[in-house]
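What follows is the content of upload_23.csv, which has CSV, C-alpha atoms and all ligand atoms:
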```csv
chain,number,residue,atom,x,y,z
A,1,MET,CA,-13.5,63.4,-19.7
A,2,GLY,CA,-10.1,64.9,-18.8
A,3,THR,CA,-9.6,62.8,-15.7
A,4,SER,CA,-6.2,61.3,-14.7
A,5,SER,CA,-7.9,58.7,-12.5
A,6,VAL,CA,-6.8,55.1,-13.0
A,7,VAL,CA,-10.5,54.3,-13.2
A,8,LYS,CA,-11.5,54.5,-16.8
A,9,GLU,CA,-14.6,56.6,-17.4
A,10,GLY,CA,-16.7,53.9,-19.0
A,11,TYR,CA,-20.4,54.1,-19.2
A,12,VAL,CA,-21.4,50.7,-18.0
A,13,HIS,CA,-19.5,50.4,-14.7
A,14,SER,CA,-20.7,53.8,-13.7
A,15,LEU,CA,-24.0,52.0,-13.1
A,16,ALA,CA,-22.3,49.3,-11.0
A,17,MET,CA,-24.2,50.1,-7.8
A,18,ASP,CA,-27.5,49.9,-9.6
A,19,PHE,CA,-26.6,46.5,-11.2
A,20,LEU,CA,-25.4,45.2,-7.9
A,21,SER,CA,-28.7,46.1,-6.4
A,22,VAL,CA,-30.6,44.3,-9.2
A,23,ALA,CA,-28.7,41.1,-8.4
A,24,GLN,CA,-29.3,41.5,-4.7
A,25,GLN,CA,-33.0,42.1,-5.1
A,26,ALA,CA,-33.5,39.1,-7.4
A,27,ALA,CA,-31.7,36.9,-4.9
A,28,ILE,CA,-33.8,38.2,-2.0
A,29,ALA,CA,-36.9,37.6,-4.0
A,30,ALA,CA,-35.9,34.0,-4.7
A,31,TYR,CA,-34.9,33.3,-1.1
A,32,PRO,CA,-38.4,32.1,0.1
A,33,TRP,CA,-38.3,29.4,-2.5
A,34,ILE,CA,-35.1,27.7,-1.4
A,35,GLY,CA,-35.8,24.0,-0.9
A,36,LYS,CA,-39.5,24.3,-1.5
A,37,GLY,CA,-39.6,22.0,-4.6
A,38,ASN,CA,-41.1,24.6,-6.8
A,39,LYS,CA,-38.7,25.9,-9.4
A,40,ASN,CA,-41.2,27.9,-11.5
A,41,ASP,CA,-42.3,30.2,-8.7
A,42,ALA,CA,-38.6,30.7,-7.6
A,43,ASP,CA,-37.7,31.7,-11.2
A,44,HIS,CA,-40.8,34.0,-11.5
A,45,ALA,CA,-40.0,35.8,-8.2
A,46,GLY,CA,-36.3,36.4,-9.2
A,47,THR,CA,-37.3,37.5,-12.7
A,48,GLU,CA,-39.9,39.9,-11.5
A,49,ALA,CA,-37.7,41.5,-8.9
A,50,MET,CA,-34.8,41.8,-11.4
A,51,ARG,CA,-37.0,43.5,-14.0
A,52,ASN,CA,-38.6,45.9,-11.5
A,53,ARG,CA,-35.2,47.1,-10.3
A,54,MET,CA,-33.7,47.3,-13.8
A,55,ASN,CA,-36.5,49.6,-14.8
A,56,LEU,CA,-35.4,52.2,-12.2
A,57,ILE,CA,-31.9,52.5,-13.8
A,58,LYS,CA,-31.0,55.5,-15.9
A,59,MET,CA,-30.2,53.6,-19.1
A,60,SER,CA,-31.5,52.4,-22.4
A,61,GLY,CA,-31.1,48.7,-21.8
A,62,ARG,CA,-32.0,45.9,-24.1
A,63,VAL,CA,-32.2,42.2,-23.1
A,64,VAL,CA,-30.1,40.1,-25.4
A,65,ILE,CA,-30.0,37.0,-23.2
A,66,GLY,CA,-33.1,36.5,-21.1
A,67,GLU,CA,-35.8,34.1,-20.2
A,68,GLY,CA,-36.8,33.4,-23.8
A,69,GLU,CA,-38.6,34.8,-26.8
A,70,MET,CA,-41.5,37.2,-26.2
A,71,ASP,CA,-44.2,34.6,-26.8
A,72,GLU,CA,-42.8,32.2,-24.2
A,73,ALA,CA,-41.5,34.6,-21.5
A,74,PRO,CA,-43.6,37.3,-20.0
A,75,MET,CA,-40.7,39.1,-18.5
A,76,LEU,CA,-37.0,39.7,-19.4
A,77,TYR,CA,-37.7,38.4,-22.9
A,78,ILE,CA,-35.2,38.8,-25.6
A,79,ASN,CA,-35.3,42.4,-27.0
A,80,GLU,CA,-37.3,43.7,-24.1
A,81,GLU,CA,-36.3,47.3,-23.3
A,82,LEU,CA,-35.3,48.0,-19.7
A,83,GLY,CA,-34.5,51.2,-17.8
A,84,THR,CA,-35.7,54.8,-17.9
A,85,GLY,CA,-34.6,55.4,-21.5
A,86,GLU,CA,-32.1,58.0,-20.5
A,87,GLY,CA,-28.4,57.3,-20.1
A,88,PRO,CA,-26.1,54.7,-21.8
A,89,LEU,CA,-27.3,52.3,-24.4
A,90,VAL,CA,-26.5,48.8,-23.1
A,91,ASP,CA,-27.0,45.1,-23.9
A,92,ILE,CA,-28.1,43.1,-20.9
A,93,ALA,CA,-27.8,39.3,-20.3
A,94,VAL,CA,-29.5,37.8,-17.3
A,95,ASP,CA,-30.2,34.6,-15.5
A,96,PRO,CA,-32.3,35.6,-12.5
A,97,VAL,CA,-32.0,32.2,-11.0
A,98,GLU,CA,-29.0,30.2,-12.4
A,99,GLY,CA,-29.9,26.9,-11.0
A,100,THR,CA,-33.7,26.8,-10.5
A,101,THR,CA,-33.6,23.0,-10.0
A,102,PHE,CA,-31.0,23.0,-7.3
A,103,LEU,CA,-32.5,26.1,-5.7
A,104,SER,CA,-35.8,24.2,-5.4
A,105,LYS,CA,-33.9,21.2,-3.9
A,106,GLY,CA,-32.1,23.4,-1.4
A,107,GLN,CA,-28.7,22.6,-2.9
A,108,GLU,CA,-25.6,24.7,-3.2
A,109,ASN,CA,-24.4,27.2,-5.8
A,110,SER,CA,-27.7,28.7,-6.9
A,111,ILE,CA,-27.0,32.3,-7.9
A,112,THR,CA,-28.6,35.3,-9.6
A,113,VAL,CA,-26.4,36.7,-12.4
A,114,LEU,CA,-26.4,39.5,-14.9
A,115,ALA,CA,-23.9,40.8,-17.4
A,116,VAL,CA,-24.0,44.2,-19.1
A,117,SER,CA,-22.0,45.6,-22.0
A,118,GLU,CA,-22.1,48.4,-24.5
A,119,ARG,CA,-25.0,48.2,-27.0
A,120,GLY,CA,-24.3,45.8,-29.8
A,121,SER,CA,-21.4,44.1,-28.1
A,122,LEU,CA,-22.8,40.9,-26.6
A,123,LEU,CA,-23.3,37.7,-28.6
A,124,HIS,CA,-27.0,36.9,-29.1
A,125,ALA,CA,-26.6,33.2,-28.2
A,126,PRO,CA,-29.6,31.0,-28.8
A,127,ASP,CA,-30.9,28.9,-25.9
A,128,MET,CA,-29.0,25.6,-26.6
A,129,TYR,CA,-25.8,23.9,-25.6
A,130,MET,CA,-22.4,25.4,-26.0
A,131,LYS,CA,-19.0,23.8,-25.7
A,132,LYS,CA,-16.9,25.9,-23.3
A,133,LEU,CA,-13.3,26.3,-22.2
A,134,ALA,CA,-12.4,28.8,-19.6
A,135,VAL,CA,-9.2,29.8,-17.7
A,136,GLY,CA,-8.0,32.5,-15.4
A,137,PRO,CA,-5.7,35.5,-16.2
A,138,LYS,CA,-2.4,33.6,-16.0
A,139,ALA,CA,-3.5,31.2,-18.7
A,140,LYS,CA,-5.0,33.8,-21.0
A,141,GLY,CA,-4.0,33.1,-24.6
A,142,HIS,CA,-3.0,29.5,-23.9
A,143,ILE,CA,-6.2,27.8,-24.7
A,144,ASN,CA,-7.6,26.4,-28.0
A,145,ILE,CA,-11.1,24.8,-28.0
A,146,GLN,CA,-10.3,23.0,-31.3
A,147,ALA,CA,-7.4,21.1,-29.7
A,148,SER,CA,-7.9,18.2,-27.4
A,149,LEU,CA,-8.4,18.7,-23.7
A,150,THR,CA,-5.0,16.9,-23.2
A,151,GLU,CA,-3.2,19.5,-25.3
A,152,ASN,CA,-5.0,22.3,-23.5
A,153,MET,CA,-4.0,20.9,-20.1
A,154,ILE,CA,-0.4,20.7,-21.2
A,155,SER,CA,-0.4,24.3,-22.5
A,156,VAL,CA,-2.2,25.7,-19.4
A,157,ALA,CA,0.0,23.9,-17.0
A,158,LYS,CA,3.1,25.3,-18.7
A,159,ALA,CA,1.6,28.9,-18.6
A,160,LEU,CA,0.9,28.5,-14.9
A,161,GLY,CA,4.3,26.9,-14.2
A,162,LYS,CA,2.6,23.9,-12.7
A,163,ASP,CA,3.1,20.2,-12.9
A,164,LEU,CA,0.2,18.5,-14.6
A,165,SER,CA,-0.3,16.4,-11.5
A,166,GLU,CA,-1.3,19.7,-9.7
A,167,LEU,CA,-3.7,20.9,-12.4
A,168,THR,CA,-7.4,21.0,-11.5
A,169,VAL,CA,-10.0,20.8,-14.2
A,170,MET,CA,-13.7,21.5,-13.3
A,171,ILE,CA,-16.2,19.5,-15.3
A,172,GLN,CA,-20.0,19.2,-14.9
A,173,ASP,CA,-20.7,15.6,-13.8
A,174,ARG,CA,-22.6,14.3,-16.9
A,175,PRO,CA,-22.1,11.3,-19.1
A,176,ARG,CA,-21.5,13.6,-22.1
A,177,HIS,CA,-18.3,14.6,-20.4
A,178,ASP,CA,-16.9,11.1,-19.7
A,179,HIS,CA,-14.3,11.5,-22.5
A,180,LEU,CA,-13.0,14.7,-20.9
A,181,ILE,CA,-12.8,13.2,-17.4
A,182,LYS,CA,-10.9,10.3,-18.9
A,183,GLN,CA,-8.3,12.6,-20.5
A,184,VAL,CA,-7.8,14.4,-17.1
A,185,PHE,CA,-7.1,11.0,-15.4
A,186,GLU,CA,-4.8,9.9,-18.2
A,187,VAL,CA,-2.4,12.8,-17.8
A,188,GLY,CA,-2.5,12.5,-14.1
A,189,ALA,CA,-4.3,15.8,-13.4
A,190,ARG,CA,-7.2,16.3,-11.1
A,191,VAL,CA,-10.9,16.7,-11.8
A,192,ARG,CA,-13.3,18.6,-9.7
A,193,LEU,CA,-16.7,17.4,-10.8
A,194,PHE,CA,-19.8,19.6,-10.1
A,195,PRO,CA,-23.5,18.8,-10.4
A,196,ASP,CA,-24.7,22.1,-11.8
A,197,GLY,CA,-23.9,25.7,-12.4
A,198,ASP,CA,-21.2,26.3,-14.9
A,199,VAL,CA,-21.2,30.1,-14.6
A,200,THR,CA,-19.8,29.7,-11.1
A,201,ALA,CA,-17.3,27.0,-12.3
A,202,ALA,CA,-16.0,29.3,-15.1
A,203,ILE,CA,-15.5,32.2,-12.8
A,204,ALA,CA,-13.7,30.0,-10.3
A,205,THR,CA,-10.8,29.7,-12.7
A,206,ALA,CA,-10.0,33.4,-12.2
A,207,ILE,CA,-10.1,33.3,-8.4
A,208,ASP,CA,-6.7,32.1,-7.1
A,209,GLU,CA,-7.8,30.8,-3.7
A,210,LEU,CA,-10.2,28.3,-5.3
A,211,GLY,CA,-7.4,26.4,-7.0
A,212,ILE,CA,-9.4,25.7,-10.2
A,213,ASP,CA,-7.3,26.0,-13.4
A,214,ILE,CA,-9.7,25.1,-16.2
A,215,LEU,CA,-13.4,24.8,-16.8
A,216,VAL,CA,-14.3,22.6,-19.7
A,217,GLY,CA,-17.5,21.0,-21.0
A,218,THR,CA,-20.9,21.5,-22.6
A,219,GLY,CA,-23.5,23.7,-20.9
A,220,GLY,CA,-26.0,26.4,-21.7
A,221,ALA,CA,-25.0,28.9,-24.3
A,222,PRO,CA,-26.7,31.8,-22.5
A,223,GLU,CA,-24.7,30.9,-19.4
A,224,GLY,CA,-21.7,30.9,-21.6
A,225,VAL,CA,-22.1,34.5,-22.7
A,226,ILE,CA,-22.7,35.6,-19.1
A,227,ALA,CA,-19.6,33.7,-17.8
A,228,ALA,CA,-17.5,35.1,-20.7
A,229,THR,CA,-18.4,38.6,-19.7
A,230,ALA,CA,-17.3,37.9,-16.1
A,231,LEU,CA,-14.0,36.4,-17.4
A,232,LYS,CA,-13.4,39.4,-19.7
A,233,CYS,CA,-13.7,41.7,-16.7
A,234,LEU,CA,-11.5,39.4,-14.6
A,235,GLY,CA,-8.8,39.2,-17.2
A,236,GLY,CA,-9.3,35.5,-17.9
A,237,ASP,CA,-10.0,33.7,-21.1
A,238,PHE,CA,-13.0,31.9,-22.6
A,239,GLN,CA,-13.8,30.1,-25.9
A,240,GLY,CA,-17.1,28.7,-26.9
A,241,GLN,CA,-18.7,26.8,-29.8
A,242,LEU,CA,-22.5,26.3,-30.1
A,243,ALA,CA,-23.6,22.7,-30.0
A,244,PRO,CA,-26.9,22.5,-31.8
A,245,GLN,CA,-28.4,19.1,-31.0
A,246,ASN,CA,-30.6,18.8,-34.1
A,247,GLN,CA,-31.5,20.4,-37.5
A,248,GLU,CA,-34.1,22.7,-35.8
A,249,GLU,CA,-31.5,24.1,-33.4
A,250,PHE,CA,-29.0,24.5,-36.3
A,251,ASN,CA,-31.6,26.5,-38.2
A,252,ARG,CA,-32.3,28.6,-35.1
A,253,CYS,CA,-28.6,29.7,-35.0
A,254,ILE,CA,-28.8,30.9,-38.6
A,255,LYS,CA,-32.1,32.7,-37.9
A,256,MET,CA,-30.4,34.5,-35.0
A,257,GLY,CA,-27.7,35.7,-37.3
A,258,ILE,CA,-25.0,33.1,-36.7
A,259,GLN,CA,-24.1,32.2,-40.3
A,260,ASN,CA,-21.8,29.4,-39.4
A,261,PRO,CA,-23.2,27.6,-36.3
A,262,GLU,CA,-19.9,25.7,-36.0
A,263,GLN,CA,-17.9,28.9,-35.6
A,264,ILE,CA,-15.5,29.1,-32.7
A,265,PHE,CA,-16.1,32.2,-30.6
A,266,THR,CA,-13.2,33.8,-28.9
A,267,LEU,CA,-13.8,35.9,-25.8
A,268,ASP,CA,-13.6,39.1,-27.8
A,269,GLU,CA,-16.1,37.8,-30.3
A,270,ILE,CA,-18.6,36.9,-27.5
A,271,VAL,CA,-18.0,40.2,-25.6
A,272,LYS,CA,-16.9,42.8,-28.2
A,273,SER,CA,-16.5,45.8,-25.9
A,274,ASP,CA,-14.2,46.5,-23.0
A,275,ASP,CA,-16.9,48.5,-21.3
A,276,CYS,CA,-18.6,45.6,-19.5
A,277,PHE,CA,-19.8,44.6,-16.1
A,278,PHE,CA,-20.9,41.5,-14.2
A,279,ALA,CA,-22.8,41.0,-11.0
A,280,ALA,CA,-23.8,37.8,-9.1
A,281,THR,CA,-25.6,37.4,-5.8
A,282,GLY,CA,-25.7,34.0,-4.0
A,283,ILE,CA,-29.1,32.6,-3.3
A,284,THR,CA,-27.9,29.3,-1.7
A,285,ASP,CA,-24.4,29.0,-0.3
A,286,GLY,CA,-21.8,28.4,-2.9
A,287,MET,CA,-18.2,28.3,-4.1
A,288,LEU,CA,-18.0,32.0,-4.8
A,289,MET,CA,-20.1,33.4,-2.1
A,290,ARG,CA,-22.7,32.6,0.6
A,291,GLY,CA,-26.4,32.7,0.0
A,292,VAL,CA,-29.1,35.0,1.3
A,293,LYS,CA,-29.6,34.9,5.1
A,294,LYS,CA,-32.5,36.2,7.1
A,295,LYS,CA,-31.4,38.2,10.1
A,296,GLU,CA,-33.1,39.7,13.1
A,297,ASN,CA,-35.3,42.8,12.8
A,298,GLY,CA,-36.4,41.8,9.3
A,299,LEU,CA,-32.9,42.4,7.8
A,300,MET,CA,-31.7,40.3,4.9
A,301,LEU,CA,-28.0,39.7,4.4
A,302,THR,CA,-26.7,39.2,0.9
A,303,HIS,CA,-23.3,38.3,-0.6
A,304,SER,CA,-22.4,39.4,-4.1
A,305,PHE,CA,-19.5,39.3,-6.5
A,306,ILE,CA,-19.0,42.2,-8.9
A,307,THR,CA,-16.4,42.8,-11.5
A,308,GLY,CA,-16.1,45.4,-14.3
A,309,LYS,CA,-13.6,46.1,-17.0
A,310,GLY,CA,-12.1,49.6,-16.4
A,311,VAL,CA,-12.7,49.4,-12.6
A,312,SER,CA,-9.3,49.4,-10.8
A,313,GLU,CA,-10.2,46.5,-8.5
A,314,ARG,CA,-10.2,43.1,-10.3
A,315,TYR,CA,-13.3,42.1,-8.4
A,316,GLN,CA,-15.2,42.9,-5.2
A,317,LEU,CA,-17.1,40.8,-2.8
A,318,VAL,CA,-20.0,42.7,-1.3
A,319,GLU,CA,-21.8,41.9,1.9
A,320,ALA,CA,-24.9,43.9,2.4
A,321,TYR,CA,-27.8,44.2,4.9
A,322,HIS,CA,-31.1,45.1,3.4
A,323,SER,CA,-34.3,46.2,5.1
A,324,LEU,CA,-37.4,45.0,3.4
A,325,TRP,CA,-39.9,47.7,2.5
A,326,LYS,CA,-42.9,45.5,2.4
B,1,LIG,C1,-26.2,24.0,-18.1
B,1,LIG,C2,-25.3,24.9,-17.3
B,1,LIG,C3,-26.1,25.5,-16.2
B,1,LIG,O1,-27.6,23.7,-16.2
B,1,LIG,O2,-27.2,24.8,-18.8
B,1,LIG,C4,-26.9,23.0,-17.2
B,1,LIG,O3,-24.9,25.9,-18.2
B,1,LIG,C5,-27.8,22.1,-18.0
B,1,LIG,O4,-27.2,20.9,-18.2
B,1,LIG,O5,-25.2,26.2,-15.4
B,1,LIG,P1,-28.0,19.5,-18.3
B,1,LIG,O6,-28.8,19.7,-19.5
B,1,LIG,O7,-27.0,18.4,-18.4
B,1,LIG,O8,-28.8,19.4,-17.0
B,1,LIG,C6,-26.8,24.5,-15.4
B,1,LIG,O9,-25.8,23.7,-14.7
B,1,LIG,C7,-27.7,25.2,-14.3
B,1,LIG,O10,-28.6,26.0,-14.9
B,2,MG,MG,-32.5,30.5,-14.9
B,3,MG,MG,-29.3,28.9,-16.0
```
Translate the structure described by the file into structure tokens.
Amino acid sequence: MGTSSVVKEGYVHSLAMDFLSVAQQAAIAAYPWIGKGNKNDADHAGTEAMRNRMNLIKMSGRVVIGEGEMDEAPMLYINEELGTGEGPLVDIAVDPVEGTTFLSKGQENSITVLAVSERGSLLHAPDMYMKKLAVGPKAKGHINIQASLTENMISVAKALGKDLSELTVMIQDRPRHDHLIKQVFEVGARVRLFPDGDVTAAIATAIDELGIDILVGTGGAPEGVIAATALKCLGGDFQGQLAPQNQEEFNRCIKMGIQNPEQIFTLDEIVKSDDCFFAATGITDGMLMRGVKKKENGLMLTHSFITGKGVSERYQLVEAYHSLWK
């Protein structure tokens, strides 16, 4: 109150260092499982570390995107309360290991991610597919998920002042995206196909040096909410539409309070508050940051990416050395 600082006095990003530490601890816990062919233990280790660290934070947190419903997930289940119970009321979306399969195979871009926002402000997305379209700050307001990818590419290229031949579109390499890849080739733009991890791919659109202009395609809805929070903090744009694959999934949307499962969600409908925060720590090396490294004297080196709305910096890359207590 009463400050003239350029940094807004939001609640959520005042806990930034705590949430950064949560992501770091989860990544360190998952590290021993890199390339060991065992994705369940990797996920369990990341989840447990994340929950333990979350519970030390002075907040009344509630999981809105987690590891599943209470009866299928022992930890970080939807509606689980986290934190000491004092402090701000927040919604928390987590993916302790985004990319358990590629982590277990020793492949790139496995990260630990979390998004936090004021209580009641994050979309409770069911665990199913979501159609996604994401861009960085310069193309904000120039996307429309209901239009074709071709129309979106033309609009984004114009907003960026780029020729279509210089536009790069990131798409997960799946047969379900063949029609999208075809449209990119037809207008003479570039694809950058990726095997897995569309949270990273969505964020990449907001980082100039990476040269990615658009992320498009169908991936996990929980990952969509997490990526949307990051893009809100980064000043980018995101639209999503749930893609239930059968009647049972369609009914699940309605049960979760989404009256029209075909609804188009704009960024401000997915993340309704401006007081939000996102943190990611690399587990394996990736596009946004490097993975966890074991150093001499038992030190562990981590690389993280944090961004928060109301923080004067757009984002920070944090390199940290940790001593292990056990
Ligand atoms: C999506 C995407 C994730 O897995 O959930 C994807 O959002 C699953 O796609 O980032 P498939 O069903 O085609 O494998 C990730 O890529 C990794 O968790
Ligand atoms: Mg996961
Ligand atoms: Mg995931």
Separation of atom CA of A:Ala147 from atom CA of A:Ser165, in Å and rounded to one decimal: 20.1 Å
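Note that atom CA of A:Met287 and atom CA of A:Arg314 are 17.9 Å apart.
Among A:Ile181, A:Ala206, A:Met50, A:Met300, the residue with the shortest atom-to-atom distance to A:Leu114, counting only C-alpha atoms, is A:Met50.
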Neighbours of stretch 252-266 of chain A within 8 Å (all atoms listed in the file; same-chain residues fewer than 5 positions away dropped), as an mmCIF file with C-alpha atoms, in the coordinates of the input?
```
data_model
loop_
_atom_site.group_PDB
_atom_site.id
_atom_site.type_symbol
_atom_site.label_atom_id
_atom_site.label_comp_id
_atom_site.auth_asym_id
_atom_site.auth_seq_id
_atom_site.Cartn_x
_atom_site.Cartn_y
_atom_site.Cartn_z
ATOM 1 C CA HIS A 124 -27.000 36.900 -29.100
ATOM 2 C CA ALA A 125 -26.600 33.200 -28.200
ATOM 3 C CA PRO A 126 -29.600 31.000 -28.800
ATOM 4 C CA ILE A 145 -11.100 24.800 -28.000
ATOM 5 C CA PHE A 238 -13.000 31.900 -22.600
ATOM 6 C CA GLN A 239 -13.800 30.100 -25.900
ATOM 7 C CA GLY A 240 -17.100 28.700 -26.900
ATOM 8 C CA GLN A 241 -18.700 26.800 -29.800
ATOM 9 C CA LEU A 242 -22.500 26.300 -30.100
ATOM 10 C CA ALA A 243 -23.600 22.700 -30.000
ATOM 11 C CA PRO A 244 -26.900 22.500 -31.800
#
```
Sort by chain and increasing residue number a table of all residues of chain A within 6 Å of ligand MG 3 (chain B), each with its closest pair of atoms and their distance in Å to one decimal, counting all atoms listed in the file, and write it as CSV.
```
residue,atom,partner,partner_atom,distance
A:Asp95,CA,B:MG3,MG,5.8
A:Glu98,CA,B:MG3,MG,3.8
A:Gly99,CA,B:MG3,MG,5.4
```
May I have the residues within 12 Å of ligand MG 2 (chain B), computed using all atoms listed in the file, as a CSV table (one decimal) with C-alpha atoms, in the coordinates of the input?
```
chain,number,residue,atom,x,y,z
A,26,ALA,CA,-33.5,39.1,-7.4
A,27,ALA,CA,-31.7,36.9,-4.9
A,30,ALA,CA,-35.9,34.0,-4.7
A,39,LYS,CA,-38.7,25.9,-9.4
A,40,ASN,CA,-41.2,27.9,-11.5
A,41,ASP,CA,-42.3,30.2,-8.7
A,42,ALA,CA,-38.6,30.7,-7.6
A,43,ASP,CA,-37.7,31.7,-11.2
A,44,HIS,CA,-40.8,34.0,-11.5
A,45,ALA,CA,-40.0,35.8,-8.2
A,46,GLY,CA,-36.3,36.4,-9.2
A,47,THR,CA,-37.3,37.5,-12.7
A,65,ILE,CA,-30.0,37.0,-23.2
A,66,GLY,CA,-33.1,36.5,-21.1
A,67,GLU,CA,-35.8,34.1,-20.2
A,68,GLY,CA,-36.8,33.4,-23.8
A,73,ALA,CA,-41.5,34.6,-21.5
A,76,LEU,CA,-37.0,39.7,-19.4
A,93,ALA,CA,-27.8,39.3,-20.3
A,94,VAL,CA,-29.5,37.8,-17.3
A,95,ASP,CA,-30.2,34.6,-15.5
A,96,PRO,CA,-32.3,35.6,-12.5
A,97,VAL,CA,-32.0,32.2,-11.0
A,98,GLU,CA,-29.0,30.2,-12.4
A,99,GLY,CA,-29.9,26.9,-11.0
A,100,THR,CA,-33.7,26.8,-10.5
A,101,THR,CA,-33.6,23.0,-10.0
A,102,PHE,CA,-31.0,23.0,-7.3
A,103,LEU,CA,-32.5,26.1,-5.7
A,104,SER,CA,-35.8,24.2,-5.4
A,110,SER,CA,-27.7,28.7,-6.9
A,111,ILE,CA,-27.0,32.3,-7.9
A,112,THR,CA,-28.6,35.3,-9.6
A,113,VAL,CA,-26.4,36.7,-12.4
A,114,LEU,CA,-26.4,39.5,-14.9
A,127,ASP,CA,-30.9,28.9,-25.9
A,196,ASP,CA,-24.7,22.1,-11.8
A,197,GLY,CA,-23.9,25.7,-12.4
A,199,VAL,CA,-21.2,30.1,-14.6
A,220,GLY,CA,-26.0,26.4,-21.7
A,222,PRO,CA,-26.7,31.8,-22.5
A,223,GLU,CA,-24.7,30.9,-19.4
A,226,ILE,CA,-22.7,35.6,-19.1
```
Residues within 9 Å of stretch 52-56 of chain A, please, as an NGL selection string. Count all atoms listed in the file; anything in the same chain fewer than 5 positions from it doesn't count. :A and (18-19 or 21-22 or 25-26 or 47 or 61 or 81-84)
Stretch 212-219 of chain A: which residues within 8 Å, counting only C-alpha atoms, same-chain residues fewer than 3 positions away excluded, as a list in words? Tyr129, Met130, Lys131, Lys132, Leu133, Ala134, Val135, Gly136, Val156, Leu167, Thr168, Val169, Met170, Ile171, Gln172, Arg176, His177, Leu180, Asp198, Ala201, Ala202, Ala204, Thr205, Ala206, Ile207, Asp208, Glu223, Gly224 and Ala243 of chain A
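The gap separating atom CA of A:Gln247 from atom CA of A:Glu269 is 24.3 Å, in Å to one decimal.
Distance annotation: of A:Leu193, A:Ile78, A:Val90, A:Val116, the residue with the minimal separation from ligand LIG 1 (chain B) is A:Leu193; atom set is all atoms listed in the file.
Remark: for ligand LIG 1 (chain B), the closest of the candidate residues A:Pro175, A:Gly235, A:Gly120, A:Gly286 is A:Pro175 (distances computed over only C-alpha atoms and all ligand atoms).
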Of A:Ala320, A:Ala230, A:Ala221, A:Met153, the one nearest to ligand LIG 1 (chain B) when counting only C-alpha atoms and all ligand atoms is A:Ala221
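Of the residues under consideration (A:Glu186, A:Glu86, A:Glu108, A:Glu249), A:Glu108 shows the shortest atom-to-atom contact distance to ligand LIG 1 (chain B) when counting only C-alpha atoms and all ligand atoms.
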Ligand LIG 1 (chain B) proximity check over A:Pro32, A:Gly291, A:Pro195, A:Gly211, using all atoms listed in the file: winner is A:Pro195
Residues within 9 Å of A:Gly141, only C-alpha atoms, excluding chain neighbours under 4 positions, as a PDB file with C-alpha atoms, in the coordinates of the input:
```
ATOM      1  CA  PRO A 137      -5.700  35.500 -16.200  1.00  0.00           C
ATOM      2  CA  GLY A 236      -9.300  35.500 -17.900  1.00  0.00           C
ATOM      3  CA  ASP A 237     -10.000  33.700 -21.100  1.00  0.00           C
TER       4      ASP A 237
END
```
So that I can check the surroundings of A:Val184, please list as a ChimeraX atom specification every protein, DNA and RNA residue that reaches within 8 Å of it, counting all atoms listed in the file and ignoring chain neighbours fewer than 5 positions away. /A:149-150,169,189-191
Identify the residues around (-21.3, 40.1, -6.0) within a radius of 6 Å, measuring from only C-alpha atoms in the coordinates stated by the file, and give them as JSON, numbers by chain. {"A": [279, 280, 281, 304, 305, 306, 317, 318]}
